[in-house]
file target_24.pdb (PDB, C-alpha atoms, pLDDT in the B column)
ATOM      1  CA  MET Z  27      10.277 -19.408   4.489  1.00 41.00           C
ATOM      2  CA  THR Z  28      11.196 -17.360   1.424  1.00 40.00           C
ATOM      3  CA  VAL Z  29      11.569 -13.649   2.103  1.00 39.00           C
ATOM      4  CA  GLU Z  30      11.906 -12.116  -1.384  1.00 42.00           C
ATOM      5  CA  THR Z  31       8.941  -9.819  -2.030  1.00 44.00           C
ATOM      6  CA  THR Z  32       9.897  -7.941  -5.201  1.00 59.00           C
ATOM      7  CA  ASN Z  33       6.266  -7.848  -6.331  1.00 75.00           C
ATOM      8  CA  GLY Z  34       4.941  -7.199  -2.832  1.00 85.00           C
ATOM      9  CA  VAL Z  35       3.715 -10.782  -2.428  1.00 91.00           C
ATOM     10  CA  LEU Z  36       5.224 -13.528  -0.299  1.00 93.00           C
ATOM     11  CA  LEU Z  37       4.741 -17.120  -1.437  1.00 94.00           C
ATOM     12  CA  THR Z  38       5.399 -19.527   1.443  1.00 95.00           C
ATOM     13  CA  ASP Z  39       7.504 -22.620   0.905  1.00 94.00           C
ATOM     14  CA  ALA Z  40       4.399 -24.848   1.205  1.00 94.00           C
ATOM     15  CA  ALA Z  41       2.606 -22.828  -1.477  1.00 95.00           C
ATOM     16  CA  ALA Z  42       5.680 -22.828  -3.738  1.00 95.00           C
ATOM     17  CA  VAL Z  43       5.962 -26.621  -3.515  1.00 94.00           C
ATOM     18  CA  LYS Z  44       2.273 -27.036  -4.390  1.00 95.00           C
ATOM     19  CA  VAL Z  45       2.408 -24.559  -7.284  1.00 95.00           C
ATOM     20  CA  LYS Z  46       5.543 -26.233  -8.652  1.00 95.00           C
ATOM     21  CA  ALA Z  47       3.824 -29.641  -8.524  1.00 95.00           C
ATOM     22  CA  LEU Z  48       0.744 -28.265 -10.311  1.00 94.00           C
ATOM     23  CA  ILE Z  49       2.887 -26.672 -13.037  1.00 95.00           C
ATOM     24  CA  GLU Z  50       4.804 -29.935 -13.498  1.00 94.00           C
ATOM     25  CA  ALA Z  51       1.470 -31.770 -13.811  1.00 95.00           C
ATOM     26  CA  GLU Z  52       0.603 -29.380 -16.667  1.00 93.00           C
ATOM     27  CA  GLY Z  53       3.752 -30.565 -18.439  1.00 93.00           C
ATOM     28  CA  ARG Z  54       4.944 -27.032 -19.171  1.00 91.00           C
ATOM     29  CA  ASP Z  55       7.923 -25.061 -17.976  1.00 88.00           C
ATOM     30  CA  ASP Z  56       6.819 -21.652 -19.272  1.00 92.00           C
ATOM     31  CA  LEU Z  57       4.036 -21.015 -16.753  1.00 96.00           C
ATOM     32  CA  ALA Z  58       4.043 -18.525 -13.903  1.00 95.00           C
ATOM     33  CA  LEU Z  59       1.555 -18.120 -11.092  1.00 95.00           C
ATOM     34  CA  ARG Z  60      -0.353 -14.912 -11.760  1.00 96.00           C
ATOM     35  CA  ILE Z  61      -2.052 -13.255  -8.795  1.00 94.00           C
ATOM     36  CA  ALA Z  62      -4.524 -10.509  -9.605  1.00 93.00           C
ATOM     37  CA  VAL Z  63      -7.211  -8.452  -7.943  1.00 90.00           C
ATOM     38  CA  GLN Z  64     -10.424  -7.860  -9.878  1.00 86.00           C
ATOM     39  CA  PRO Z  65     -13.688  -6.098  -9.020  1.00 80.00           C
ATOM     40  CA  GLY Z  66     -16.326  -8.546  -7.808  1.00 70.00           C
ATOM     41  CA  GLY Z  67     -17.340 -10.790  -4.970  1.00 59.00           C
ATOM     42  CA  CYS Z  68     -19.558  -9.855  -2.074  1.00 61.00           C
ATOM     43  CA  SER Z  69     -16.953  -7.521  -0.512  1.00 58.00           C
ATOM     44  CA  GLY Z  70     -15.980  -5.576  -3.651  1.00 74.00           C
ATOM     45  CA  MET Z  71     -12.669  -7.100  -4.781  1.00 79.00           C
ATOM     46  CA  ARG Z  72     -11.845 -10.693  -5.676  1.00 84.00           C
ATOM     47  CA  TYR Z  73      -8.529 -12.529  -5.829  1.00 87.00           C
ATOM     48  CA  GLN Z  74      -7.575 -14.497  -8.921  1.00 91.00           C
ATOM     49  CA  LEU Z  75      -4.795 -17.078  -8.956  1.00 93.00           C
ATOM     50  CA  PHE Z  76      -4.039 -18.821 -12.231  1.00 95.00           C
ATOM     51  CA  PHE Z  77      -1.212 -20.062 -14.413  1.00 96.00           C
ATOM     52  CA  ASP Z  78      -0.181 -17.715 -17.165  1.00 96.00           C
ATOM     53  CA  ASP Z  79       2.379 -17.820 -19.958  1.00 95.00           C
ATOM     54  CA  ARG Z  80       1.906 -14.157 -20.884  1.00 93.00           C
ATOM     55  CA  GLU Z  81       4.068 -11.248 -19.855  1.00 88.00           C
ATOM     56  CA  LEU Z  82       2.098  -8.037 -19.463  1.00 90.00           C
ATOM     57  CA  ASP Z  83       3.552  -4.546 -19.567  1.00 88.00           C
ATOM     58  CA  GLY Z  84       4.357  -3.461 -16.026  1.00 88.00           C
ATOM     59  CA  ASP Z  85       4.223  -6.935 -14.443  1.00 91.00           C
ATOM     60  CA  ALA Z  86       6.042  -7.265 -11.126  1.00 92.00           C
ATOM     61  CA  ARG Z  87       7.862 -10.603 -10.876  1.00 92.00           C
ATOM     62  CA  ALA Z  88       9.484 -12.595  -8.094  1.00 92.00           C
ATOM     63  CA  ASP Z  89      10.916 -16.102  -7.844  1.00 92.00           C
ATOM     64  CA  PHE Z  90      10.115 -18.431  -4.952  1.00 92.00           C
ATOM     65  CA  GLY Z  91      11.882 -21.789  -5.016  1.00 87.00           C
ATOM     66  CA  GLY Z  92      11.766 -22.030  -8.799  1.00 90.00           C
ATOM     67  CA  VAL Z  93       8.207 -20.696  -9.071  1.00 93.00           C
ATOM     68  CA  THR Z  94       7.730 -17.366 -10.808  1.00 94.00           C
ATOM     69  CA  VAL Z  95       4.966 -15.221  -9.355  1.00 94.00           C
ATOM     70  CA  VAL Z  96       3.688 -12.295 -11.404  1.00 95.00           C
ATOM     71  CA  VAL Z  97       1.366  -9.491 -10.369  1.00 94.00           C
ATOM     72  CA  ASP Z  98      -0.013  -6.947 -12.823  1.00 93.00           C
ATOM     73  CA  ARG Z  99       0.791  -3.311 -12.088  1.00 91.00           C
ATOM     74  CA  MET Z 100      -2.804  -2.448 -11.134  1.00 91.00           C
ATOM     75  CA  SER Z 101      -2.951  -5.255  -8.543  1.00 92.00           C
ATOM     76  CA  VAL Z 102       0.407  -4.594  -6.869  1.00 92.00           C
ATOM     77  CA  PRO Z 103      -0.884  -1.891  -4.457  1.00 90.00           C
ATOM     78  CA  TYR Z 104      -3.740  -4.168  -3.311  1.00 89.00           C
ATOM     79  CA  LEU Z 105      -1.382  -7.107  -2.726  1.00 92.00           C
ATOM     80  CA  MET Z 106       1.594  -5.324  -1.140  1.00 91.00           C
ATOM     81  CA  GLY Z 107       2.625  -7.445   1.837  1.00 91.00           C
ATOM     82  CA  ALA Z 108       0.156 -10.267   1.138  1.00 93.00           C
ATOM     83  CA  THR Z 109       1.182 -13.834   1.989  1.00 94.00           C
ATOM     84  CA  ILE Z 110       0.023 -16.734  -0.176  1.00 94.00           C
ATOM     85  CA  ASP Z 111       0.067 -20.068   1.640  1.00 94.00           C
ATOM     86  CA  PHE Z 112      -1.166 -23.600   0.980  1.00 94.00           C
ATOM     87  CA  ALA Z 113      -2.885 -25.680   3.646  1.00 91.00           C
ATOM     88  CA  ASP Z 114      -3.615 -29.395   3.434  1.00 87.00           C
ATOM     89  CA  THR Z 115      -5.211 -30.359   6.723  1.00 87.00           C
ATOM     90  CA  ILE Z 116      -8.442 -31.993   7.792  1.00 86.00           C
ATOM     91  CA  GLU Z 117      -9.878 -28.537   8.532  1.00 86.00           C
ATOM     92  CA  GLN Z 118      -8.651 -26.698   5.458  1.00 83.00           C
ATOM     93  CA  GLN Z 119      -7.294 -27.458   2.006  1.00 87.00           C
ATOM     94  CA  GLY Z 120      -6.227 -25.017  -0.649  1.00 90.00           C
ATOM     95  CA  PHE Z 121      -4.500 -21.716  -1.125  1.00 90.00           C
ATOM     96  CA  THR Z 122      -5.031 -18.943   1.409  1.00 88.00           C
ATOM     97  CA  ILE Z 123      -4.251 -15.249   1.140  1.00 89.00           C
ATOM     98  CA  ASP Z 124      -3.385 -13.194   4.192  1.00 89.00           C
ATOM     99  CA  ASN Z 125      -3.599  -9.609   2.989  1.00 86.00           C
ATOM    100  CA  PRO Z 126      -2.834  -6.738   5.388  1.00 87.00           C
ATOM    101  CA  ASN Z 127      -4.503  -4.315   2.933  1.00 80.00           C
ATOM    102  CA  ALA Z 128      -7.909  -5.980   3.247  1.00 76.00           C
ATOM    103  CA  GLN Z 129     -10.069  -3.971   5.618  1.00 66.00           C
ATOM    104  CA  ASN Z 130     -13.020  -6.364   5.358  1.00 58.00           C
ATOM    105  CA  SER Z 131     -13.454  -9.788   3.836  1.00 55.00           C
ATOM    106  CA  CYS Z 132     -16.414 -12.019   3.176  1.00 50.00           C
ATOM    107  CA  ALA Z 133     -17.139 -15.150   5.163  1.00 50.00           C
ATOM    108  CA  CYS Z 134     -15.920 -17.434   2.365  1.00 49.00           C
ATOM    109  CA  GLY Z 135     -12.620 -15.532   2.146  1.00 50.00           C
ATOM    110  CA  ASP Z 136     -12.950 -15.122  -1.613  1.00 52.00           C
ATOM    111  CA  SER Z 137     -13.275 -11.348  -1.674  1.00 47.00           C
ATOM    112  CA  PHE Z 138     -12.248  -8.274   0.299  1.00 50.00           C
ATOM    113  CA  SER Z 139     -12.520  -4.513   0.453  1.00 45.00           C
TER     114      SER Z 139
END
call {"tool": "encode", "arguments": {"input": "target_24.pdb", "output": "structure tokens"}}
result
Amino acid sequence: MTVETTNGVLLTDAAAVKVKALIEAEGRDDLALRIAVQPGGCSGMRYQLFFDDRELDGDARADFGGVTVVVDRMSVPYLMGATIDFADTIEQQGFTIDNPNAQNSCACGDSFS
């Protein structure tokens, strides 16, 4: 498992492999995985994960197995210590976020407070 957490976020090896495959499918080598926290959802804050080719002032960056992960400066405190993983099992498929800063989360896991 990768242990670099320059931006406060840990991307597991499984998640890095999946993100790298998705970026390769896009046919671009200038994309980073942006993780942000925005107001919304049933618990108050919502995670956003998307590919981005922009560099914003104050972005925190880290590299995980050739995948660049960026977090905007406003989201860093909310994501400090969070682990992004990817599951592909019969019970669960997709990206998961284990965030020690989340006091409460909704049943669907899409938002937190």
call {"tool": "resolve_selection", "arguments": {"input": "target_24.pdb", "expression": "the PyMOL selection byres ((chain Z and resi 124) around 6)", "output": "list in words"}}
result
Ala108, Thr109, Ile123 and Asn125 of chain Z
call {"tool": "residues_around", "arguments": {"input": "target_24.pdb", "residues": "Leu48 in chain Z", "least_positions_apart": "5", "cutoff": "12 Å", "atoms": "all atoms listed in the file", "output": "PyMOL selection string"}}
result
chain Z and resi 41-43+53-55+57-59+76-77+93
call {"tool": "atom_distance", "arguments": {"input": "target_24.pdb", "atom1": "CA of Ala86 in chain Z", "atom2": "CA of Met100 in chain Z"}}
result
10.1 Å
call {"tool": "residues_around", "arguments": {"input": "target_24.pdb", "residues": "Val63 in chain Z", "least_positions_apart": "2", "cutoff": "7 Å", "atoms": "only C-alpha atoms", "output": "PyMOL selection string"}}
result
chain Z and resi 65+71-74+101
call {"tool": "closest_residue", "arguments": {"input": "target_24.pdb", "among": "Z:Ile116, Z:Val102, Z:Ala128, Z:Ile110", "to": "Lys44 in chain Z", "atoms": "only C-alpha atoms"}}
result
Z:Ile110
call {"tool": "atom_distance", "arguments": {"input": "target_24.pdb", "atom1": "CA of Arg60 in chain Z", "atom2": "CA of Phe121 in chain Z"}}
result
13.3 Å
call {"tool": "atom_distance", "arguments": {"input": "target_24.pdb", "atom1": "CA of Leu36 in chain Z", "atom2": "CA of Asp85 in chain Z"}}
result
15.6 Å
call {"tool": "axis_aligned_box", "arguments": {"input": "target_24.pdb", "around": "range 33-40 of chain Z", "padding_each_side": "6 Å", "output": "AutoDock Vina command-line options"}}
result
--center_x 5.6 --center_y -16.0 --center_z -2.4 --size_x 15.8 --size_y 29.6 --size_z 19.8
call {"tool": "residues_near_point", "arguments": {"input": "target_24.pdb", "point": "(5.4, -7.4, -1.9)", "cutoff": "8 Å", "atoms": "all atoms listed in the file", "output": "list in words"}}
result
Thr31, Thr32, Asn33, Gly34, Val35, Leu36, Val102, Leu105, Met106, Gly107 and Ala108 of chain Z
call {"tool": "closest_residue", "arguments": {"input": "target_24.pdb", "among": "Z:Pro103, Z:Val96, Z:Ala62, Z:Ala40", "to": "Pro126 in chain Z", "atoms": "only C-alpha atoms"}}
result
Z:Pro103
call {"tool": "resolve_selection", "arguments": {"input": "target_24.pdb", "expression": "the PyMOL selection byres ((chain Z and resi 79) around 6)", "output": "number ranges by chain"}}
result
Z: 56-57, 78, 80
call {"tool": "closest_residue", "arguments": {"input": "target_24.pdb", "among": "Z:Glu52, Z:Glu117, Z:Asp111, Z:Glu81", "to": "Asp39 in chain Z", "atoms": "all atoms listed in the file"}}
result
Z:Asp111
